[in-house]
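Student: Dumping the structure here so I can ask a few things about it.
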Amino acid sequence: MSPPPAAPRAIRSARVARLARPGALLALLVIAAVFPLVVTNALDTQFAVDTLIYVAAVAAWNLFSGYSGYISLGHAVFFGSGAYTVGLLTEHWKVAGGTIFWLLPLAGLVAAAIAVPFGLIALRVRRHTFVVITIAIFFIFQLLAYNLSFTGGNQGISSPFFLWSAQNYNNPFYYVALILAVGTIALSWLIRHSRFGLQLLAIRDDEDRARGLGVRAMRVKLAAFVISGGITGMVGGLWWFFIGQALPETAFNPIFDVTVALMAFLGGFGTLAGPVLGALILEPLQQWVAITFTNGYTGEIALGVLFLLVILVLPRGIVPTGRELATSWQARRTRRRGGPGAPSGAAPPGSPAVPSPSPSGASSASGGGVQ
Amino acid sequence: MTALLRTAGVTKAFGGVQALRECTVEVAEGSIAGLIGPNGSGKTTLFNIITGYERVDRGEVWLGGRPITNHPPDRVFAAGIGRTFQLTRVFSRLTVMENMIVAAQHAERGHGWLRNPLARAGGPATRRRAGELLEFTGIAGHAGALAETLSYGQRKLLELSYVLMADPAIVLLDEPAGGVNPTLITTIADRIRQLNEQGTTFLIVEHNMDFVMGLCHQVTVLDYGTAVVTGPPGVIRTDPRVLDAYLGTAEDGDEAP
């Protein structure tokens, strides 16, 4: 038995692992960028745009709800407000064609502005009550969309038809949706590694403790809520432009809230990749169900059943569960080999505490005798 | 010696229950003070009021000549009061190092809260300081582990460590020896003494009488929400009012933590 060969191999595999991630990401990005050039069927690209819209929406939702642990079922407020903003401005300013895309930042600003009072009210209470309040505020906004003088009531607001040639009609939407989605994911990554993100995660784990360590909880939560709401508003604006019509019940749609939450839970609430994965799985599935079962309500029933299944089988989502399985599989493999080079990451919960390798005398005290 | 921390006539009721009445407690700068009293005598409530988790009905809290009455917890922490909880509270899904960095935020924040909010958490100076503190408390080997994988005693050490990240003037410990094995109790007492020698003031709530009497310079006894008596451990041990309120049962070992 000579241990030396193991070391270089470990180093090489570590190097591969380090490169694998950015490599895979780059590959995904390239695939996403060339997708509409390869797949030109209008129905397929339409699905792709829908999916990307949901990827962006769920990433934005996760940026607040996933990181802070405050589950919002009222993000349709931002989605709808963004949709109506772009719709009304298009009508009012007589904007046409691709110029409408430039209204999206305004939709984001309006949604963000709405998020400030919304957040100041709803974030005063703790998690469970927060959910209820977001639902209540959502219904207020839906009622407003029906009843305000400028929202078009039941008719909603329609977009101008046939903006450009039917050839590759979906492509501009696709790329704008892709930019929104990738931008939101990148922002989520930045936040996850920033002190702002760390404060959010601390709030998720124990808000009172975080406050006692100097975290200004309200400010941090509100900032995340406003950023998340603003992005959701831009996504809503794009959706209006793409679908061509906003009705009170489709722009301010409770199904949107449930879908986004379900996507996040399916993939892994609070993780970076999980919600994206959830959207990539669920939205095409939903479209397929809608086409296959044309009676209208089967899709919603399927959604409900899926929600229950996720809670039952994968309460923590695909990504965390998968990661756990991978870790335990790796640990089992290392144990079988009998090598001491176990990964220095987290010890599996429940195993006896390992005395810390620090030379200080106190280390022995942190050993297994502690209750 | 001047009082670093002082509560003056603090009164607090929860519904019909009078948790604190006219409670005046002083902690001298540079000392280790103990706060004892039977269950329900208001010790934790007093901690909660000092650190901003509860508001006073009446009375004041002073930190070194500045009033901090009813300040929110984050401001109290920034003002120089660190605090641990009776049941340990760590950020379970963050790593031990990340737990430490959370507590460094206020020092790291710099001026103006919009100053690059997306800067990476935990600069090299913060991480070095966190490493030193973890080394000091003996859990440096777990820096990369999720806090939820720590044992109860290690969580106590982590709580002590991250509270120290902000170099607080005074640390409030709520039952540091509760539910911890004897070896670790000795370690914790040693660390407290070392920190105290470097200038940190302590106020400790604890049921373990040997721990309190061996460590504290000054002990205050709470009974029914009022400070009954304050004095050095030797005096407190023999004061009839104290024996009446508390110690008689504790020394017989009835007062399990």
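Residue numbers start at 1 in each chain; chains themselves are named A, B, ... in the order of the structure tokens; ligands are numbered from 1 in the order shown.
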Hey, what's within 12 Å of Gln286 of chain A if we count only C-alpha atoms and toss same-chain stuff fewer than 2 positions away? As a ChimeraX atom specification, please?
Tutor: /A:47,50-51,54,255,259,263,278-284,288-294,296-304,306
Student: So that I can check the surroundings of segment 51-68 of chain B, please list as a PyMOL selection string every protein, DNA and RNA residue that reaches within 6 Å of it, counting only C-alpha atoms and ignoring chain neighbours fewer than 5 positions away.
Tutor: chain B and resi 4-12+73+76
Student: For chain B, report every residue with an atom at most 8 Å from chain A (counting only C-alpha atoms), formatted as a compact mmCIF listing (two decimals) with N, CA and C atoms, in the first residue's frame.
Tutor:
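Heads up, here's the output in selection_10.txt:
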# COMPACT_ATOMS: atom_id res chain seq x y z
N THR B 51 -30.73 44.87 26.56
CA THR B 51 -30.29 44.68 25.17
C THR B 51 -31.36 45.05 24.15
N PRO B 73 -32.10 46.37 19.56
CA PRO B 73 -30.95 45.49 19.81
C PRO B 73 -29.72 45.81 18.97
N ASP B 74 -29.90 46.15 17.70
CA ASP B 74 -28.71 46.39 16.87
C ASP B 74 -27.94 47.62 17.35
N ARG B 75 -28.66 48.62 17.86
CA ARG B 75 -27.96 49.81 18.37
C ARG B 75 -27.28 49.54 19.70
N VAL B 76 -27.94 48.71 20.50
CA VAL B 76 -27.33 48.35 21.79
C VAL B 76 -26.02 47.61 21.55
N PHE B 77 -26.05 46.71 20.57
CA PHE B 77 -24.85 45.95 20.24
C PHE B 77 -23.76 46.88 19.73
N ALA B 78 -24.16 47.80 18.86
CA ALA B 78 -23.18 48.74 18.31
C ALA B 78 -22.62 49.65 19.39
N GLY B 82 -22.55 43.18 24.25
CA GLY B 82 -22.76 41.89 23.60
C GLY B 82 -23.55 40.99 24.54
N ARG B 83 -24.27 40.02 23.97
CA ARG B 83 -25.14 39.25 24.83
C ARG B 83 -25.30 37.83 24.29
N ARG B 89 -28.26 30.33 20.65
CA ARG B 89 -28.86 30.69 19.38
C ARG B 89 -27.76 31.04 18.41
N VAL B 90 -27.50 30.12 17.51
CA VAL B 90 -26.52 30.37 16.46
C VAL B 90 -27.25 30.29 15.13
N PHE B 91 -26.62 30.76 14.07
CA PHE B 91 -27.24 30.68 12.74
C PHE B 91 -26.92 29.31 12.17
N SER B 92 -27.89 28.40 12.32
CA SER B 92 -27.57 26.99 12.15
C SER B 92 -27.18 26.63 10.73
N ARG B 93 -27.73 27.33 9.73
CA ARG B 93 -27.43 26.94 8.36
C ARG B 93 -26.31 27.78 7.74
N LEU B 94 -25.64 28.55 8.59
CA LEU B 94 -24.43 29.23 8.14
C LEU B 94 -23.23 28.50 8.76
N GLU B 98 -19.05 32.05 8.98
CA GLU B 98 -20.08 33.01 8.56
C GLU B 98 -20.82 33.58 9.76
N ASN B 99 -21.06 32.74 10.77
CA ASN B 99 -21.65 33.23 12.01
C ASN B 99 -20.82 34.38 12.58
N VAL B 102 -21.19 37.61 10.51
CA VAL B 102 -22.45 38.34 10.75
C VAL B 102 -22.25 39.36 11.86
N ALA B 103 -21.58 38.94 12.91
CA ALA B 103 -21.41 39.83 14.05
C ALA B 103 -20.40 40.94 13.78
N GLN B 105 -20.47 42.71 11.02
CA GLN B 105 -21.07 43.62 10.06
C GLN B 105 -20.98 45.08 10.50
N HIS B 106 -21.33 45.29 11.74
CA HIS B 106 -21.49 46.68 12.14
C HIS B 106 -20.13 47.39 12.17
N PRO B 117 -22.93 47.99 -1.05
CA PRO B 117 -23.61 46.97 -0.25
C PRO B 117 -23.29 45.55 -0.73
N LEU B 118 -22.77 45.43 -1.96
CA LEU B 118 -22.51 44.09 -2.48
C LEU B 118 -21.07 43.65 -2.27
N ALA B 119 -20.33 44.40 -1.47
CA ALA B 119 -18.97 43.99 -1.16
C ALA B 119 -19.01 42.61 -0.52
N ARG B 120 -18.01 41.81 -0.82
CA ARG B 120 -17.97 40.46 -0.26
C ARG B 120 -17.95 40.51 1.26
N ALA B 121 -18.69 39.57 1.83
CA ALA B 121 -18.76 39.51 3.28
C ALA B 121 -17.43 39.04 3.85
N GLY B 122 -16.99 39.71 4.91
CA GLY B 122 -15.83 39.20 5.61
C GLY B 122 -14.51 39.47 4.92
N GLU B 135 -9.94 30.38 17.78
CA GLU B 135 -8.78 29.72 18.37
C GLU B 135 -8.83 29.87 19.90
N PHE B 136 -9.16 31.07 20.30
CA PHE B 136 -9.22 31.41 21.73
C PHE B 136 -10.27 30.57 22.46
N THR B 137 -11.43 30.39 21.82
CA THR B 137 -12.48 29.61 22.48
C THR B 137 -12.36 28.12 22.17
N GLY B 138 -11.45 27.76 21.25
CA GLY B 138 -11.17 26.36 21.04
C GLY B 138 -12.03 25.67 20.00
N ILE B 139 -12.73 26.42 19.15
CA ILE B 139 -13.51 25.75 18.11
C ILE B 139 -13.04 26.14 16.71
N ALA B 140 -11.79 26.57 16.60
CA ALA B 140 -11.27 26.99 15.30
C ALA B 140 -11.31 25.86 14.29
N GLY B 141 -11.20 24.63 14.76
CA GLY B 141 -11.22 23.49 13.86
C GLY B 141 -12.55 23.31 13.15
N HIS B 142 -13.58 23.99 13.63
CA HIS B 142 -14.90 23.83 13.04
C HIS B 142 -15.30 25.02 12.18
N GLY B 144 -15.19 25.87 9.21
CA GLY B 144 -15.86 25.65 7.93
C GLY B 144 -17.14 24.84 8.05
N ALA B 145 -17.43 24.34 9.25
CA ALA B 145 -18.60 23.48 9.42
C ALA B 145 -19.85 24.30 9.61
N LEU B 146 -20.98 23.73 9.22
CA LEU B 146 -22.24 24.40 9.49
C LEU B 146 -22.48 24.42 11.00
N GLU B 148 -25.04 24.09 12.64
CA GLU B 148 -25.98 23.08 13.14
C GLU B 148 -25.29 21.77 13.48
N THR B 149 -24.05 21.59 12.99
CA THR B 149 -23.35 20.35 13.30
C THR B 149 -22.59 20.44 14.63
N LEU B 150 -22.58 21.60 15.26
CA LEU B 150 -21.86 21.75 16.52
C LEU B 150 -22.65 21.12 17.67
N SER B 151 -21.93 20.65 18.67
CA SER B 151 -22.60 20.17 19.88
C SER B 151 -23.07 21.38 20.70
N TYR B 152 -23.88 21.09 21.69
CA TYR B 152 -24.44 22.18 22.50
C TYR B 152 -23.36 23.05 23.13
N GLY B 153 -22.36 22.39 23.68
CA GLY B 153 -21.29 23.14 24.32
C GLY B 153 -20.50 23.98 23.33
N GLN B 154 -20.29 23.41 22.14
CA GLN B 154 -19.57 24.17 21.11
C GLN B 154 -20.38 25.37 20.65
N VAL B 163 -20.00 37.10 19.83
CA VAL B 163 -20.30 38.32 20.58
C VAL B 163 -19.04 39.18 20.73
N GLY B 179 -26.17 23.40 31.28
CA GLY B 179 -26.20 22.28 30.36
C GLY B 179 -24.87 21.97 29.71
N VAL B 180 -23.79 22.31 30.39
CA VAL B 180 -22.46 22.12 29.81
C VAL B 180 -21.65 21.24 30.76
N ASN B 181 -20.80 20.38 30.20
CA ASN B 181 -20.06 19.45 31.06
C ASN B 181 -18.98 20.18 31.88
N THR B 183 -15.76 19.99 32.42
CA THR B 183 -14.50 20.42 31.79
C THR B 183 -14.72 21.73 31.05
N LEU B 184 -15.83 21.76 30.30
CA LEU B 184 -16.10 22.93 29.49
C LEU B 184 -16.43 24.13 30.38
N THR B 187 -13.28 25.64 31.25
CA THR B 187 -12.74 26.38 30.11
C THR B 187 -13.43 27.74 29.98
Student: Figure out the distance between atom CA of Leu73 of chain A and atom CA of Gly244 of chain A, please, to one decimal in Å.
Tutor: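 Going from atom CA of Gly244 of chain A over to atom CA of Leu73 of chain A covers 24.8 Å.
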Student: Determine, counting only C-alpha atoms, which protein, DNA and RNA residues have an atom within 12 Å of an atom of His92 of chain A; residues of the same chain fewer than 6 positions away are not included. Present the result as a PyMOL selection string.
Tutor: chain A and resi 84-86+100+150-151+157+159
Student: List the neighbours of Glu249 of chain A out to 9 Å using only C-alpha atoms; skip same-chain residues closer than 4 positions along the sequence, and give me the result as a ChimeraX atom specification.
Tutor: /A:142,145-146,154,253-254
Student: Would you work out the distance separating atom CA of Arg21 of chain A from atom CA of Tyr70 of chain A, expressed in Å to one decimal?
Tutor: 29.5 Å
Student: I'd like the contact shell of Val27 of chain B - 12 Å cut-off, only C-alpha atoms, skipping same-chain residues fewer than 5 positions apart - returned as a PyMOL selection string.
Tutor: chain B and resi 1-8+32-35+61-64+169-172+200-204+216-220+230-231
Student: Out of A:Leu325, A:Phe173, A:Leu88, A:Phe101, which residue has the shortest atom-to-atom distance to Ala48 of chain A when counting only C-alpha atoms?
Tutor: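 Of the candidates, the smallest distance to Ala48 of chain A is held by A:Phe173.
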Student: Could you write out, as a PyMOL selection string, all the residues of segment 48-169 of chain B that DSSP marks as helix (DSSP H, G or I)?
Tutor: chain B and resi 48-50+73-79+96-108+124-137+140-142+147-149+152-164
Student: Can you list, as a VMD selection string, every protein, DNA or RNA residue that comes within 9 Å of Ile185 of chain B when you count only C-alpha atoms, leaving out same-chain residues fewer than 6 positions away?
Tutor: (chain A and resid 365) or (chain B and resid 176 to 178 211)
Student: Which residues, written as JSON, numbers by chain, have at least one atom at most 12 Å from Pro36 of chain A, with only C-alpha atoms counted and residues fewer than 4 positions away on the same chain left out?
Tutor: {"A": [30, 31, 32, 40, 41, 42, 43, 44, 45, 46, 47, 48, 49, 167, 168, 169, 170, 171, 172, 173, 174, 175, 178]}
Student: Can you measure atom CA of Arg237 of chain B to atom CA of Leu222 of chain B for me? One decimal in Å is fine.
Tutor: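 Computing the Euclidean distance for atom CA of Arg237 of chain B and atom CA of Leu222 of chain B yields 14.1 Å.
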Student: Write down as a list of chain:residue names the residues belonging to segment 89-303 of chain A that are assigned strand (DSSP E) by DSSP computed on the backbone.
Tutor: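 So, restricting segment 89-303 of chain A to strand (DSSP E), we get A:Ile157, A:Ser158, A:Gln245, A:Ala246.
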Student: Give me a file of those residues, with N, CA and C atoms, as a short mmCIF file (atom, residue, chain, number, x, y, z; two decimals), in the first residue's frame.
Tutor:
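Wrote it out as out_25.cif, contents follow:
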data_model
loop_
_atom_site.label_atom_id
_atom_site.label_comp_id
_atom_site.auth_asym_id
_atom_site.auth_seq_id
_atom_site.Cartn_x
_atom_site.Cartn_y
_atom_site.Cartn_z
N ILE A 157 -55.58 45.86 -20.47
CA ILE A 157 -54.85 46.69 -21.42
C ILE A 157 -54.18 45.79 -22.45
N SER A 158 -54.43 46.08 -23.72
CA SER A 158 -53.85 45.24 -24.77
C SER A 158 -52.64 45.93 -25.38
N GLN A 245 -51.65 41.21 -23.65
CA GLN A 245 -52.82 41.69 -22.93
C GLN A 245 -52.65 41.46 -21.44
N ALA A 246 -53.08 42.44 -20.65
CA ALA A 246 -53.11 42.27 -19.20
C ALA A 246 -54.54 42.43 -18.74
#
